[in-house]
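Visitor: The following block contains the structure, expressed as structure tokens.
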Amino acid sequence: MKKLNLSLAVCFLAAAFSSGLQAQDTNTDNHTITISIPEVALVDIEPAATKNITLGFTAPTEAGNPVTASTSNNTLWLNYSSIKSVADPTRNVSVKVNALIPGIDIHVTAAAATGSGAGTLGTPAAQITLSAADQTIISGIGSAYTGNGANNGHNLTYALAAGSGPGGVAVYADLQATATTVATVTYTISDN
């Protein structure tokens, strides 16, 4: 009988102790969520399949007239994605060309951003005459995305000019006849 009383006493004690543990809950509780946001800086030219363009000049038909530049090309779009860092609150996109063509100015103009993007999209600069040095074409980019593909982001307009034009760096006297010359234009997104 003593064993039974001892067993019953232990059971009652265990039941009282476990119900006391449950009584420690309150009317609120919490937990943590760890969140990670990557820093992003991506840029590309769209449409990717046809981003190489051809521009040129037409010979005059009347003596005494200069060569005439082909019409401008506005088929390309600058797309970017950016998540800014704490240290650098804005980014910019710069542009340069790898080779200057004697006697020719290559102009590029970026339009204001359009399409399906959101965030703090950048502000385009005025028309730029490309050079071998980086020049800012889009400034003030925060955390933003332009949307992907043609008709999203900044529409780019390229135009040629024979040297000695307003704001140009080339000189008409430096023009040389050539069947084809290839110049590579590079866009870079970077922190300010």
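We name chains A, B, ... following the order of the structure tokens; residues begin at 1 in each chain, and ligands are numbered from 1 as shown.
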Let's see if you can do this: from backbone DSSP, list all strand (DSSP E or B) residues in chain A, as JSON, numbers by chain.
Guide: {"A": [40, 41, 42, 43, 44, 45, 46, 57, 58, 68, 69, 73, 74, 75, 76, 77, 78, 79, 80, 81, 82, 83, 91, 92, 93, 94, 95, 96, 97, 104, 105, 106, 107, 108, 109, 110, 114, 118, 119, 123, 124, 128, 129, 135, 136, 137, 138, 139, 140, 141, 144, 145, 153, 154, 155, 156, 157, 158, 159, 160, 161, 162, 185, 186, 187, 188, 189, 190, 191]}
Visitor: Find the spatial neighbours of Ser72 in chain A, counting only C-alpha atoms, within a cut-off of 12 Å - ignore same-chain residues fewer than 4 positions away - and output them as a PyMOL selection string.
Guide: chain A and resi 53-57+68+76+106-109+156-161
Visitor: Please save N, CA, C and O atoms of the selected residues as an mmCIF file, in the first residue's frame.
Guide:
```
data_model
loop_
_atom_site.group_PDB
_atom_site.id
_atom_site.type_symbol
_atom_site.label_atom_id
_atom_site.label_comp_id
_atom_site.auth_asym_id
_atom_site.auth_seq_id
_atom_site.Cartn_x
_atom_site.Cartn_y
_atom_site.Cartn_z
ATOM 1 N N ILE A 53 24.549 48.100 -84.433
ATOM 2 C CA ILE A 53 23.923 48.965 -85.432
ATOM 3 C C ILE A 53 24.954 49.439 -86.445
ATOM 4 O O ILE A 53 26.157 49.397 -86.188
ATOM 5 N N THR A 54 24.469 49.907 -87.581
ATOM 6 C CA THR A 54 25.331 50.425 -88.648
ATOM 7 C C THR A 54 24.915 51.849 -88.969
ATOM 8 O O THR A 54 23.740 52.126 -89.206
ATOM 9 N N LEU A 55 25.886 52.738 -88.949
ATOM 10 C CA LEU A 55 25.667 54.131 -89.340
ATOM 11 C C LEU A 55 26.728 54.476 -90.376
ATOM 12 O O LEU A 55 27.765 53.827 -90.461
ATOM 13 N N GLY A 56 26.485 55.478 -91.149
ATOM 14 C CA GLY A 56 27.476 55.849 -92.157
ATOM 15 C C GLY A 56 27.193 57.222 -92.750
ATOM 16 O O GLY A 56 26.408 58.000 -92.231
ATOM 17 N N PHE A 57 27.871 57.479 -93.850
ATOM 18 C CA PHE A 57 27.737 58.748 -94.552
ATOM 19 C C PHE A 57 27.408 58.478 -96.008
ATOM 20 O O PHE A 57 27.743 57.442 -96.563
ATOM 21 N N THR A 68 27.116 63.486 -96.098
ATOM 22 C CA THR A 68 25.937 63.628 -95.257
ATOM 23 C C THR A 68 25.795 62.392 -94.380
ATOM 24 O O THR A 68 25.861 61.258 -94.877
ATOM 25 N N LEU A 76 17.737 51.114 -79.892
ATOM 26 C CA LEU A 76 18.302 50.470 -78.708
ATOM 27 C C LEU A 76 17.755 51.076 -77.410
ATOM 28 O O LEU A 76 17.427 52.265 -77.359
ATOM 29 N N ILE A 106 30.590 60.733 -82.799
ATOM 30 C CA ILE A 106 29.467 59.830 -82.561
ATOM 31 C C ILE A 106 28.701 60.394 -81.374
ATOM 32 O O ILE A 106 29.228 60.505 -80.272
ATOM 33 N N HIS A 107 27.442 60.781 -81.633
ATOM 34 C CA HIS A 107 26.598 61.352 -80.586
ATOM 35 C C HIS A 107 25.635 60.287 -80.072
ATOM 36 O O HIS A 107 25.110 59.487 -80.847
ATOM 37 N N VAL A 108 25.402 60.294 -78.765
ATOM 38 C CA VAL A 108 24.379 59.425 -78.174
ATOM 39 C C VAL A 108 23.561 60.265 -77.205
ATOM 40 O O VAL A 108 24.094 61.090 -76.462
ATOM 41 N N THR A 109 22.253 60.060 -77.264
ATOM 42 C CA THR A 109 21.323 60.741 -76.376
ATOM 43 C C THR A 109 20.431 59.697 -75.733
ATOM 44 O O THR A 109 19.901 58.818 -76.426
ATOM 45 N N LEU A 156 17.887 54.957 -76.529
ATOM 46 C CA LEU A 156 19.154 55.551 -76.961
ATOM 47 C C LEU A 156 19.069 55.966 -78.420
ATOM 48 O O LEU A 156 18.610 55.189 -79.252
ATOM 49 N N THR A 157 19.507 57.168 -78.711
ATOM 50 C CA THR A 157 19.557 57.648 -80.097
ATOM 51 C C THR A 157 21.006 57.920 -80.453
ATOM 52 O O THR A 157 21.689 58.693 -79.781
ATOM 53 N N TYR A 158 21.469 57.243 -81.490
ATOM 54 C CA TYR A 158 22.832 57.431 -81.997
ATOM 55 C C TYR A 158 22.783 58.222 -83.288
ATOM 56 O O TYR A 158 21.919 57.993 -84.133
ATOM 57 N N ALA A 159 23.736 59.129 -83.449
ATOM 58 C CA ALA A 159 23.839 59.915 -84.680
ATOM 59 C C ALA A 159 25.308 60.203 -84.950
ATOM 60 O O ALA A 159 26.115 60.327 -84.025
ATOM 61 N N LEU A 160 25.647 60.281 -86.221
ATOM 62 C CA LEU A 160 27.007 60.623 -86.640
ATOM 63 C C LEU A 160 27.046 62.066 -87.111
ATOM 64 O O LEU A 160 26.055 62.603 -87.599
ATOM 65 N N ALA A 161 28.209 62.663 -86.986
ATOM 66 C CA ALA A 161 28.437 63.996 -87.543
ATOM 67 C C ALA A 161 29.874 64.045 -88.022
ATOM 68 O O ALA A 161 30.778 63.553 -87.348
#
```
Visitor: Determine, counting only C-alpha atoms, which protein, DNA and RNA residues have an atom within 8 Å of an atom of Ser131 in chain A; residues of the same chain fewer than 2 positions away are not included. Present the result as a PyMOL selection string.
Guide: chain A and resi 96-100+129+133-134
Visitor: Go ahead and save the picked residues with all heavy atoms, as a PDB file, in the first residue's frame.
Guide:
```pdb
ATOM      1  N   LYS A  96      31.398  55.035 -72.953  1.00  0.00           N
ATOM      2  CA  LYS A  96      32.634  55.380 -73.654  1.00  0.00           C
ATOM      3  C   LYS A  96      32.722  54.540 -74.915  1.00  0.00           C
ATOM      4  O   LYS A  96      32.001  53.556 -75.090  1.00  0.00           O
ATOM      5  CB  LYS A  96      33.862  55.157 -72.775  1.00  0.00           C
ATOM      6  CG  LYS A  96      34.144  53.705 -72.433  1.00  0.00           C
ATOM      7  CD  LYS A  96      35.365  53.586 -71.554  1.00  0.00           C
ATOM      8  CE  LYS A  96      35.601  52.137 -71.154  1.00  0.00           C
ATOM      9  NZ  LYS A  96      36.775  52.009 -70.277  1.00  0.00           N
ATOM     10  N   VAL A  97      33.614  54.926 -75.804  1.00  0.00           N
ATOM     11  CA  VAL A  97      33.850  54.178 -77.036  1.00  0.00           C
ATOM     12  C   VAL A  97      35.315  53.756 -77.042  1.00  0.00           C
ATOM     13  O   VAL A  97      36.185  54.485 -76.560  1.00  0.00           O
ATOM     14  CB  VAL A  97      33.471  55.024 -78.287  1.00  0.00           C
ATOM     15  CG1 VAL A  97      34.376  56.229 -78.443  1.00  0.00           C
ATOM     16  CG2 VAL A  97      33.427  54.171 -79.535  1.00  0.00           C
ATOM     17  N   ASN A  98      35.587  52.569 -77.584  1.00  0.00           N
ATOM     18  CA  ASN A  98      36.956  52.053 -77.521  1.00  0.00           C
ATOM     19  C   ASN A  98      37.884  52.650 -78.568  1.00  0.00           C
ATOM     20  O   ASN A  98      39.100  52.597 -78.409  1.00  0.00           O
ATOM     21  CB  ASN A  98      36.975  50.533 -77.642  1.00  0.00           C
ATOM     22  CG  ASN A  98      36.641  50.048 -79.043  1.00  0.00           C
ATOM     23  OD1 ASN A  98      35.890  50.700 -79.773  1.00  0.00           O
ATOM     24  ND2 ASN A  98      37.177  48.914 -79.431  1.00  0.00           N
ATOM     25  N   ALA A  99      37.318  53.176 -79.639  1.00  0.00           N
ATOM     26  CA  ALA A  99      38.165  53.723 -80.700  1.00  0.00           C
ATOM     27  C   ALA A  99      37.514  54.961 -81.292  1.00  0.00           C
ATOM     28  O   ALA A  99      36.334  54.941 -81.643  1.00  0.00           O
ATOM     29  CB  ALA A  99      38.378  52.681 -81.797  1.00  0.00           C
ATOM     30  N   LEU A 100      38.279  56.020 -81.377  1.00  0.00           N
ATOM     31  CA  LEU A 100      37.783  57.213 -82.051  1.00  0.00           C
ATOM     32  C   LEU A 100      38.051  57.055 -83.534  1.00  0.00           C
ATOM     33  O   LEU A 100      39.109  56.577 -83.950  1.00  0.00           O
ATOM     34  CB  LEU A 100      38.483  58.458 -81.511  1.00  0.00           C
ATOM     35  CG  LEU A 100      38.249  58.742 -80.023  1.00  0.00           C
ATOM     36  CD1 LEU A 100      39.026  59.974 -79.592  1.00  0.00           C
ATOM     37  CD2 LEU A 100      36.772  58.925 -79.737  1.00  0.00           C
ATOM     38  N   THR A 129      28.934  63.495 -76.900  1.00  0.00           N
ATOM     39  CA  THR A 129      29.830  63.107 -77.985  1.00  0.00           C
ATOM     40  C   THR A 129      30.771  62.073 -77.400  1.00  0.00           C
ATOM     41  O   THR A 129      31.548  62.368 -76.482  1.00  0.00           O
ATOM     42  CB  THR A 129      30.612  64.316 -78.520  1.00  0.00           C
ATOM     43  OG1 THR A 129      29.675  65.288 -79.004  1.00  0.00           O
ATOM     44  CG2 THR A 129      31.546  63.905 -79.649  1.00  0.00           C
ATOM     45  N   ALA A 133      37.052  58.314 -72.866  1.00  0.00           N
ATOM     46  CA  ALA A 133      36.881  58.491 -71.415  1.00  0.00           C
ATOM     47  C   ALA A 133      35.419  58.271 -71.043  1.00  0.00           C
ATOM     48  O   ALA A 133      34.510  58.644 -71.795  1.00  0.00           O
ATOM     49  CB  ALA A 133      37.316  59.899 -71.006  1.00  0.00           C
ATOM     50  N   ASP A 134      35.195  57.671 -69.879  1.00  0.00           N
ATOM     51  CA  ASP A 134      33.832  57.492 -69.386  1.00  0.00           C
ATOM     52  C   ASP A 134      33.157  58.844 -69.191  1.00  0.00           C
ATOM     53  O   ASP A 134      33.759  59.774 -68.652  1.00  0.00           O
ATOM     54  CB  ASP A 134      33.833  56.746 -68.046  1.00  0.00           C
ATOM     55  CG  ASP A 134      33.989  55.249 -68.209  1.00  0.00           C
ATOM     56  OD1 ASP A 134      33.337  54.676 -69.093  1.00  0.00           O
ATOM     57  OD2 ASP A 134      34.765  54.652 -67.430  1.00  0.00           O
TER      58      ASP A 134
END
```
Visitor: I'd like the contact shell of Glu46 in chain A - 9 Å cut-off, only C-alpha atoms, skipping same-chain residues fewer than 3 positions apart - returned as an MDAnalysis selection string.
Guide: chainID A and resid 49:51 75:79 148:152
Visitor: Taking a cut-off of 12 Å and counting only C-alpha atoms, can you build a table that, for each residue of range 16-128 of chain A near range 138-143 of chain A, reports the nearest atom pair and how far apart they are in Å (one decimal), sorted by chain then residue number, as JSON lines?
Guide:
```
{"residue": "A:Ile37", "atom": "CA", "partner": "A:Ser143", "partner_atom": "CA", "distance": 11.4}
{"residue": "A:Pro38", "atom": "CA", "partner": "A:Ser143", "partner_atom": "CA", "distance": 11.2}
{"residue": "A:Glu39", "atom": "CA", "partner": "A:Ser143", "partner_atom": "CA", "distance": 9.3}
{"residue": "A:Val40", "atom": "CA", "partner": "A:Ser143", "partner_atom": "CA", "distance": 8.6}
{"residue": "A:Ala41", "atom": "CA", "partner": "A:Ser143", "partner_atom": "CA", "distance": 9.5}
{"residue": "A:Leu42", "atom": "CA", "partner": "A:Ser143", "partner_atom": "CA", "distance": 11.6}
{"residue": "A:Val43", "atom": "CA", "partner": "A:Ile138", "partner_atom": "CA", "distance": 11.6}
{"residue": "A:Leu78", "atom": "CA", "partner": "A:Ile138", "partner_atom": "CA", "distance": 9.8}
{"residue": "A:Asn79", "atom": "CA", "partner": "A:Ile138", "partner_atom": "CA", "distance": 11.1}
{"residue": "A:Tyr80", "atom": "CA", "partner": "A:Ile141", "partner_atom": "CA", "distance": 9.4}
{"residue": "A:Ser81", "atom": "CA", "partner": "A:Ser143", "partner_atom": "CA", "distance": 7.8}
{"residue": "A:Ser82", "atom": "CA", "partner": "A:Ser143", "partner_atom": "CA", "distance": 5.0}
{"residue": "A:Ile83", "atom": "CA", "partner": "A:Ser143", "partner_atom": "CA", "distance": 4.3}
{"residue": "A:Lys84", "atom": "CA", "partner": "A:Ser143", "partner_atom": "CA", "distance": 5.3}
{"residue": "A:Ser85", "atom": "CA", "partner": "A:Ser143", "partner_atom": "CA", "distance": 8.8}
{"residue": "A:Val86", "atom": "CA", "partner": "A:Gly142", "partner_atom": "CA", "distance": 10.9}
{"residue": "A:Asp88", "atom": "CA", "partner": "A:Gly142", "partner_atom": "CA", "distance": 9.2}
{"residue": "A:Pro89", "atom": "CA", "partner": "A:Gly142", "partner_atom": "CA", "distance": 6.4}
{"residue": "A:Thr90", "atom": "CA", "partner": "A:Gly142", "partner_atom": "CA", "distance": 4.8}
{"residue": "A:Arg91", "atom": "CA", "partner": "A:Ile141", "partner_atom": "CA", "distance": 4.9}
{"residue": "A:Asn92", "atom": "CA", "partner": "A:Ser139", "partner_atom": "CA", "distance": 4.3}
{"residue": "A:Val93", "atom": "CA", "partner": "A:Ile138", "partner_atom": "CA", "distance": 5.0}
{"residue": "A:Ser94", "atom": "CA", "partner": "A:Ile138", "partner_atom": "CA", "distance": 6.9}
{"residue": "A:Val95", "atom": "CA", "partner": "A:Ile138", "partner_atom": "CA", "distance": 9.2}
{"residue": "A:Val108", "atom": "CA", "partner": "A:Ile138", "partner_atom": "CA", "distance": 11.8}
{"residue": "A:Thr109", "atom": "CA", "partner": "A:Ile138", "partner_atom": "CA", "distance": 10.1}
{"residue": "A:Ala110", "atom": "CA", "partner": "A:Ile138", "partner_atom": "CA", "distance": 7.7}
{"residue": "A:Ala111", "atom": "CA", "partner": "A:Ile138", "partner_atom": "CA", "distance": 9.6}
{"residue": "A:Ala112", "atom": "CA", "partner": "A:Ile138", "partner_atom": "CA", "distance": 9.3}
{"residue": "A:Ala113", "atom": "CA", "partner": "A:Ile138", "partner_atom": "CA", "distance": 9.9}
{"residue": "A:Gly117", "atom": "CA", "partner": "A:Ser143", "partner_atom": "CA", "distance": 11.0}
{"residue": "A:Ala118", "atom": "CA", "partner": "A:Ser143", "partner_atom": "CA", "distance": 8.7}
{"residue": "A:Gly119", "atom": "CA", "partner": "A:Ser143", "partner_atom": "CA", "distance": 5.8}
{"residue": "A:Thr120", "atom": "CA", "partner": "A:Gly142", "partner_atom": "CA", "distance": 4.8}
{"residue": "A:Leu121", "atom": "CA", "partner": "A:Ile141", "partner_atom": "CA", "distance": 5.2}
{"residue": "A:Gly122", "atom": "CA", "partner": "A:Ile141", "partner_atom": "CA", "distance": 4.2}
{"residue": "A:Thr123", "atom": "CA", "partner": "A:Ser139", "partner_atom": "CA", "distance": 5.3}
{"residue": "A:Pro124", "atom": "CA", "partner": "A:Ile138", "partner_atom": "CA", "distance": 4.4}
{"residue": "A:Ala125", "atom": "CA", "partner": "A:Ile138", "partner_atom": "CA", "distance": 6.0}
{"residue": "A:Ala126", "atom": "CA", "partner": "A:Ile138", "partner_atom": "CA", "distance": 9.6}
{"residue": "A:Gln127", "atom": "CA", "partner": "A:Ile138", "partner_atom": "CA", "distance": 11.2}
{"residue": "A:Ile128", "atom": "CA", "partner": "A:Ile138", "partner_atom": "CA", "distance": 11.0}
```
Visitor: Only N, CA and C atoms, please: the residues just picked out, written as a compact mmCIF listing (two decimals), in the first residue's frame.
Guide:
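The result, written out as selection.txt:
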```
# COMPACT_ATOMS: atom_id res chain seq x y z
N ILE A 37 18.95 41.30 -48.33
CA ILE A 37 18.70 42.00 -49.60
C ILE A 37 20.04 42.19 -50.28
N PRO A 38 20.23 41.62 -51.47
CA PRO A 38 21.53 41.73 -52.14
C PRO A 38 21.73 43.11 -52.77
N GLU A 39 22.96 43.56 -52.81
CA GLU A 39 23.29 44.77 -53.58
C GLU A 39 23.29 44.37 -55.05
N VAL A 40 22.65 45.18 -55.90
CA VAL A 40 22.51 44.84 -57.31
C VAL A 40 22.97 46.01 -58.17
N ALA A 41 23.73 45.71 -59.21
CA ALA A 41 24.14 46.72 -60.20
C ALA A 41 24.30 46.01 -61.54
N LEU A 42 23.23 45.98 -62.34
CA LEU A 42 23.23 45.30 -63.64
C LEU A 42 22.80 46.27 -64.73
N VAL A 43 23.41 46.15 -65.90
CA VAL A 43 23.06 47.00 -67.04
C VAL A 43 23.14 46.17 -68.31
N LEU A 78 18.45 51.14 -73.04
CA LEU A 78 19.33 50.90 -71.91
C LEU A 78 18.48 50.43 -70.73
N ASN A 79 18.71 49.19 -70.27
CA ASN A 79 18.01 48.63 -69.12
C ASN A 79 18.97 48.50 -67.95
N TYR A 80 18.48 48.69 -66.73
CA TYR A 80 19.32 48.45 -65.56
C TYR A 80 18.47 48.02 -64.37
N SER A 81 19.14 47.34 -63.43
CA SER A 81 18.57 46.99 -62.13
C SER A 81 19.56 47.45 -61.07
N SER A 82 19.06 48.06 -60.01
CA SER A 82 19.94 48.59 -58.98
C SER A 82 19.30 48.48 -57.61
N ILE A 83 20.03 47.92 -56.67
CA ILE A 83 19.71 48.03 -55.25
C ILE A 83 20.92 48.73 -54.65
N LYS A 84 20.70 49.94 -54.16
CA LYS A 84 21.81 50.76 -53.67
C LYS A 84 22.37 50.21 -52.37
N SER A 85 23.58 50.60 -52.05
CA SER A 85 24.19 50.24 -50.78
C SER A 85 23.98 51.38 -49.79
N VAL A 86 24.23 51.11 -48.53
CA VAL A 86 24.11 52.14 -47.51
C VAL A 86 25.18 53.22 -47.73
N ASP A 88 26.71 54.10 -50.58
CA ASP A 88 26.55 54.86 -51.82
C ASP A 88 25.07 54.90 -52.18
N PRO A 89 24.38 56.01 -51.88
CA PRO A 89 22.94 56.06 -52.07
C PRO A 89 22.48 56.16 -53.52
N THR A 90 23.38 56.51 -54.44
CA THR A 90 22.99 56.57 -55.85
C THR A 90 24.09 55.99 -56.72
N ARG A 91 23.68 55.67 -57.94
CA ARG A 91 24.60 55.14 -58.95
C ARG A 91 24.44 55.96 -60.22
N ASN A 92 25.37 55.73 -61.16
CA ASN A 92 25.23 56.33 -62.48
C ASN A 92 25.63 55.32 -63.53
N VAL A 93 25.26 55.61 -64.76
CA VAL A 93 25.68 54.81 -65.91
C VAL A 93 26.58 55.71 -66.75
N SER A 94 27.76 55.19 -67.06
CA SER A 94 28.69 55.94 -67.91
C SER A 94 28.82 55.22 -69.24
N VAL A 95 29.30 55.97 -70.23
CA VAL A 95 29.44 55.44 -71.58
C VAL A 95 30.78 55.90 -72.16
N VAL A 108 25.40 60.29 -78.77
CA VAL A 108 24.38 59.43 -78.17
C VAL A 108 23.56 60.26 -77.21
N THR A 109 22.25 60.06 -77.26
CA THR A 109 21.32 60.74 -76.38
C THR A 109 20.43 59.70 -75.73
N ALA A 110 20.26 59.78 -74.41
CA ALA A 110 19.36 58.89 -73.69
C ALA A 110 18.09 59.67 -73.34
N ALA A 111 16.95 59.06 -73.63
CA ALA A 111 15.67 59.68 -73.28
C ALA A 111 15.33 59.37 -71.83
N ALA A 112 14.34 60.05 -71.29
CA ALA A 112 13.85 59.75 -69.95
C ALA A 112 13.32 58.32 -69.92
N ALA A 113 13.40 57.69 -68.77
CA ALA A 113 12.97 56.29 -68.63
C ALA A 113 11.46 56.16 -68.85
N GLY A 117 9.19 49.90 -65.41
CA GLY A 117 10.10 49.96 -64.27
C GLY A 117 9.50 50.69 -63.08
N ALA A 118 10.27 50.71 -61.98
CA ALA A 118 9.84 51.39 -60.76
C ALA A 118 11.06 51.71 -59.92
N GLY A 119 10.86 52.54 -58.92
CA GLY A 119 11.94 52.93 -58.02
C GLY A 119 12.49 54.29 -58.40
N THR A 120 13.70 54.58 -57.93
CA THR A 120 14.34 55.86 -58.23
C THR A 120 15.16 55.70 -59.51
N LEU A 121 14.48 55.89 -60.64
CA LEU A 121 15.14 55.78 -61.95
C LEU A 121 16.02 57.00 -62.17
N GLY A 122 17.07 56.84 -62.96
CA GLY A 122 18.04 57.90 -63.17
C GLY A 122 17.58 58.98 -64.12
N THR A 123 18.36 60.05 -64.14
CA THR A 123 18.10 61.21 -65.00
C THR A 123 19.12 61.23 -66.13
N PRO A 124 18.67 61.29 -67.39
CA PRO A 124 19.61 61.29 -68.50
C PRO A 124 20.32 62.65 -68.66
N ALA A 125 21.55 62.58 -69.15
CA ALA A 125 22.31 63.78 -69.48
C ALA A 125 21.86 64.28 -70.85
N ALA A 126 22.35 65.44 -71.23
CA ALA A 126 22.11 65.95 -72.58
C ALA A 126 22.92 65.09 -73.56
N GLN A 127 22.80 65.38 -74.82
CA GLN A 127 23.55 64.64 -75.85
C GLN A 127 25.04 64.59 -75.51
N ILE A 128 25.62 63.42 -75.70
CA ILE A 128 27.05 63.21 -75.41
C ILE A 128 27.77 62.90 -76.71
```
Visitor: State, in Å with one decimal place, the distance from CA of Ile45 in chain A to CA of Tyr187 in chain A.
Guide: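 Straight-line distance from CA of Ile45 in chain A to CA of Tyr187 in chain A works out to 8.5 Å.
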Visitor: Please, what distance in Å, to one decimal, runs between CA of Asn52 in chain A and CA of Ile189 in chain A?
Guide: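 Distance reported for this atom pair: 19.9 Å.
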Visitor: For CA of Leu175 in chain A and CA of Thr188 in chain A, determine how far apart the two atoms are, in Å to one decimal place.
Guide: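 CA of Thr188 in chain A lies at a distance of 29.2 Å from CA of Leu175 in chain A.
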Visitor: Calculated over only C-alpha atoms, which of the candidates A:Thr114, A:Thr58, A:Thr180, A:Thr136 has the smallest distance to Asn155 in chain A?
Guide: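 Ranking A:Thr114, A:Thr58, A:Thr180, A:Thr136 by distance to Asn155 in chain A, first place goes to A:Thr114.
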